[in-house]
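Trainee: One file: upload10.txt (compact mmCIF, C-alpha atoms).
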# COMPACT_ATOMS: atom_id res chain seq x y z
CA MET M 6 -167.94 47.23 328.98
CA LYS M 7 -167.89 43.62 330.02
CA CYS M 8 -166.19 40.73 328.18
CA ASN M 9 -169.58 39.17 327.30
CA GLU M 10 -170.71 42.34 325.54
CA ILE M 11 -167.47 42.59 323.58
CA CYS M 12 -167.63 38.89 322.57
CA GLU M 13 -171.05 39.44 320.99
CA LEU M 14 -169.68 42.30 318.87
CA MET M 15 -166.35 40.66 317.88
CA PRO M 16 -167.49 39.00 314.61
CA ASP M 17 -168.69 42.37 313.31
CA LEU M 18 -165.50 44.09 314.51
CA ALA M 19 -163.27 41.46 312.85
CA ALA M 20 -165.18 41.72 309.55
CA GLY M 21 -164.97 45.50 309.66
CA LEU M 22 -168.75 45.96 309.68
CA ASN M 23 -168.78 48.08 312.85
CA ALA M 24 -166.26 50.60 314.09
CA ALA M 25 -164.91 50.21 317.62
CA THR M 26 -166.31 52.67 320.15
CA PRO M 27 -164.02 54.29 322.72
CA GLU M 28 -165.41 51.97 325.42
CA MET M 29 -164.53 48.92 323.26
CA THR M 30 -161.05 50.26 322.58
CA ASN M 31 -160.43 50.86 326.31
CA HIS M 32 -161.66 47.35 327.16
CA LEU M 33 -159.55 45.70 324.45
CA ALA M 34 -156.49 47.63 325.68
CA SER M 35 -157.02 46.42 329.25
CA CYS M 36 -158.21 42.78 328.58
CA ALA M 37 -155.65 40.47 326.99
CA ALA M 38 -158.20 37.61 326.52
CA CYS M 39 -160.56 39.76 324.45
CA THR M 40 -157.63 41.13 322.41
CA ASP M 41 -156.43 37.58 321.60
CA LYS M 42 -159.95 36.53 320.66
CA LEU M 43 -160.34 39.55 318.35
CA SER M 44 -157.03 38.75 316.62
CA GLU M 45 -158.16 35.12 316.12
CA PHE M 46 -161.41 36.36 314.57
CA ARG M 47 -159.46 38.64 312.23
CA GLN M 48 -157.17 35.75 311.15
CA THR M 49 -160.23 33.60 310.44
CA MET M 50 -161.82 36.37 308.39
CA THR M 51 -158.58 36.77 306.41
CA LEU M 52 -158.52 33.03 305.63
CA LEU M 53 -162.15 33.14 304.53
CA ASP M 54 -161.43 36.08 302.24
CA GLU M 55 -158.59 34.13 300.56
CA TRP M 56 -160.63 30.94 300.10
CA GLN M 57 -161.80 30.16 296.59
CA VAL M 58 -164.63 27.88 295.62
CA PRO M 59 -163.41 24.72 293.85
CA GLU M 60 -164.60 24.21 290.30
CA PRO M 61 -167.03 21.31 289.83
CA SER M 62 -166.12 18.44 287.54
CA PRO M 63 -167.02 19.07 283.87
CA TYR M 64 -169.05 15.84 283.87
CA PHE M 65 -170.97 16.67 287.05
CA ASP M 66 -174.14 17.76 285.23
CA VAL M 67 -174.10 14.72 282.94
CA ARG M 68 -173.71 12.30 285.87
CA LEU M 69 -176.39 14.10 287.89
CA LYS M 70 -178.94 13.90 285.05
CA ALA M 71 -178.17 10.21 284.48
CA ARG M 72 -178.65 9.50 288.19
CA LEU M 73 -181.97 11.37 288.20
CA ARG M 74 -183.18 9.32 285.22
CA GLU M 75 -182.21 6.09 287.02
CA GLU M 76 -184.09 7.13 290.16
CA ALA M 77 -187.18 8.12 288.17
CA ALA M 78 -187.18 4.76 286.38
CA ALA M 79 -186.76 2.85 289.64
CA GLN M 80 -189.76 4.50 291.30
CA PRO M 81 -193.19 3.12 290.42
CA ALA M 82 -195.24 5.61 288.46
CA GLY M 83 -198.86 6.57 288.97
CA TRP M 84 -201.07 7.97 291.64
CA TRP M 85 -202.31 4.53 292.75
CA ASN M 86 -198.97 3.78 294.44
CA TRP M 87 -199.35 6.90 296.59
CA VAL M 88 -202.95 6.11 297.50
CA ARG M 89 -202.61 2.37 297.98
CA LYS M 90 -200.75 2.34 301.29
CA PRO M 91 -202.97 4.81 303.18
CA ALA M 92 -206.09 3.26 301.65
CA LEU M 93 -205.02 -0.18 302.83
CA ALA M 94 -204.43 1.11 306.35
CA VAL M 95 -207.79 2.89 306.47
CA SER M 96 -209.67 -0.12 305.11
CA LEU M 97 -208.05 -2.43 307.66
CA ALA M 98 -208.93 -0.04 310.47
CA VAL M 99 -212.56 0.14 309.32
CA LEU M 100 -212.68 -3.65 309.03
CA MET M 101 -211.36 -4.04 312.57
CA VAL M 102 -213.87 -1.57 314.01
CA MET M 103 -216.77 -3.27 312.21
CA SER M 104 -215.72 -6.76 313.28
CA ILE M 105 -215.28 -5.72 316.92
CA THR M 106 -218.65 -3.97 316.89
CA LEU M 107 -220.38 -6.97 315.34
CA PHE M 108 -218.64 -9.37 317.71
CA ARG M 109 -219.67 -7.39 320.79
CA THR M 110 -223.24 -6.98 319.55
CA ASP M 111 -223.51 -10.66 318.67
CA ALA M 112 -221.84 -11.77 321.90
CA GLY M 113 -224.46 -9.87 323.91
CA ARG M 114 -227.30 -11.74 322.19
CA ASN M 115 -225.88 -15.21 321.75
CA PRO M 116 -223.66 -16.63 324.46
CA ALA M 117 -220.47 -18.25 323.28
CA PRO M 118 -220.42 -22.03 322.99
CA GLY M 119 -219.10 -23.66 326.12
CA SER M 120 -220.13 -20.75 328.32
CA ARG M 121 -222.42 -21.40 331.23
CA ALA M 122 -225.55 -19.81 329.86
CA MET M 123 -228.62 -20.79 331.83
CA VAL M 124 -231.22 -22.52 329.70
CA VAL M 125 -234.62 -21.88 331.23
CA GLU M 126 -237.90 -23.29 330.08
CA PRO M 127 -240.77 -20.89 329.46
CA GLY M 128 -243.44 -20.82 332.17
CA THR M 129 -241.02 -20.83 335.08
CA ALA M 130 -240.40 -17.69 337.12
CA VAL M 131 -236.92 -17.14 335.67
CA GLY M 132 -238.12 -17.83 332.13
CA ASP M 133 -240.98 -15.34 332.54
CA LEU M 134 -238.57 -12.68 333.85
CA GLN M 135 -236.28 -13.24 330.88
CA ALA M 136 -239.23 -12.99 328.49
CA LEU M 137 -240.33 -9.74 330.15
CA ASP M 138 -236.81 -8.41 329.86
CA ARG M 139 -236.53 -9.30 326.15
CA ASN M 140 -239.97 -7.86 325.34
CA ASN M 141 -239.78 -4.80 327.57
CA GLU M 142 -240.85 -2.37 324.82
CA LEU M 143 -243.87 -4.47 323.93
CA TYR M 144 -245.07 -4.88 327.51
CA SER M 145 -244.47 -1.22 328.43
CA ASP M 146 -247.32 -0.16 326.13
CA PHE M 147 -250.34 -1.54 328.07
CA GLU M 148 -252.88 0.01 325.70
CA LEU M 149 -251.67 -2.35 323.01
CA LEU M 150 -252.21 -5.30 325.36
CA ASP M 151 -255.71 -4.06 326.19
CA ASP M 152 -256.50 -3.91 322.46
CA LEU M 153 -255.27 -7.49 322.07
CA GLN M 154 -257.47 -8.66 324.95
CA VAL M 155 -260.54 -6.98 323.41
CA GLN M 156 -259.80 -8.57 320.04
CA GLN M 157 -259.49 -12.01 321.68
CA ASP M 158 -262.81 -11.53 323.50
CA VAL M 159 -264.53 -10.55 320.25
CA VAL M 160 -263.14 -13.60 318.46
CA ALA M 161 -264.07 -15.94 321.32
CA ASN M 162 -267.62 -14.52 321.74
CA PRO M 163 -268.93 -13.62 318.28
Would you mind writing the file's structure down as structure tokens?
Mentor:
Amino acid sequence: MKCNEICELMPDLAAGLNAATPEMTNHLASCAACTDKLSEFRQTMTLLDEWQVPEPSPYFDVRLKARLREEAAAQPAGWWNWVRKPALAVSLAVLMVMSITLFRTDAGRNPAPGSRAMVVEPGTAVGDLQALDRNNELYSDFELLDDLQVQQDVVANP
């Protein structure tokens, strides 16, 4: 056996949970380091067997209950205190998303003051192109325009 294998089994050997096999006994007889380690484990186990748990103070329970009452009184009661903080964070996040969305939508329609937005009069080539662009859906349906032309002809020539 190797030293690593023996070291893994030493706590059980020192506690007396496992009996030493002949291979372990031969290795322990030939390896002084493993023998010293096993004796240290056995000394530690002996000390642990002799150790006794100290008795708690007779007033420990009384002081613990008083401390728990103080902590319960210091904490705000009610479910609203648990909900308030996450609800505030969620509402602020929703408010930010809405304001950014509205700002971007509004900024696309109305240029900001001081920006160099081109003011074009209707009837010019650029003004007509902008009007076509704004009313693209209306102008894409030519049947509707034909109906308007027929209605204007009927009104003009009764």
Trainee: Could you state the separation of CA of Phe46 (chain M) and CA of Ala25 (chain M) in Å, given to one decimal place?
Mentor: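 Distance reported for this atom pair: 14.6 Å.
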Trainee: Ranking M:Leu53, M:Ile105, M:Cys39, M:Leu137 by minimum distance to Ala20 (chain M) and counting only C-alpha atoms, which one comes first?
Mentor: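 Smallest separation from Ala20 (chain M) among the options: M:Leu53.
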Trainee: Go ahead and fit an axis-aligned box to every listed atom of region 22-26 of chain M plus 6 Å each side, and pass me the centre and edge lengths in Å, one decimal, as JSON.
Mentor:
{"center_x": -166.8, "center_y": 49.3, "center_z": 314.9, "size_x": 15.9, "size_y": 18.7, "size_z": 22.5}
Trainee: Write out as a ChimeraX atom specification which residues come within 12 Å of Met15 (chain M) when counting only C-alpha atoms, dropping same-chain ones fewer than 5 positions away.
Mentor: /M:8-10,20-25,29-30,33,39-47,49-50
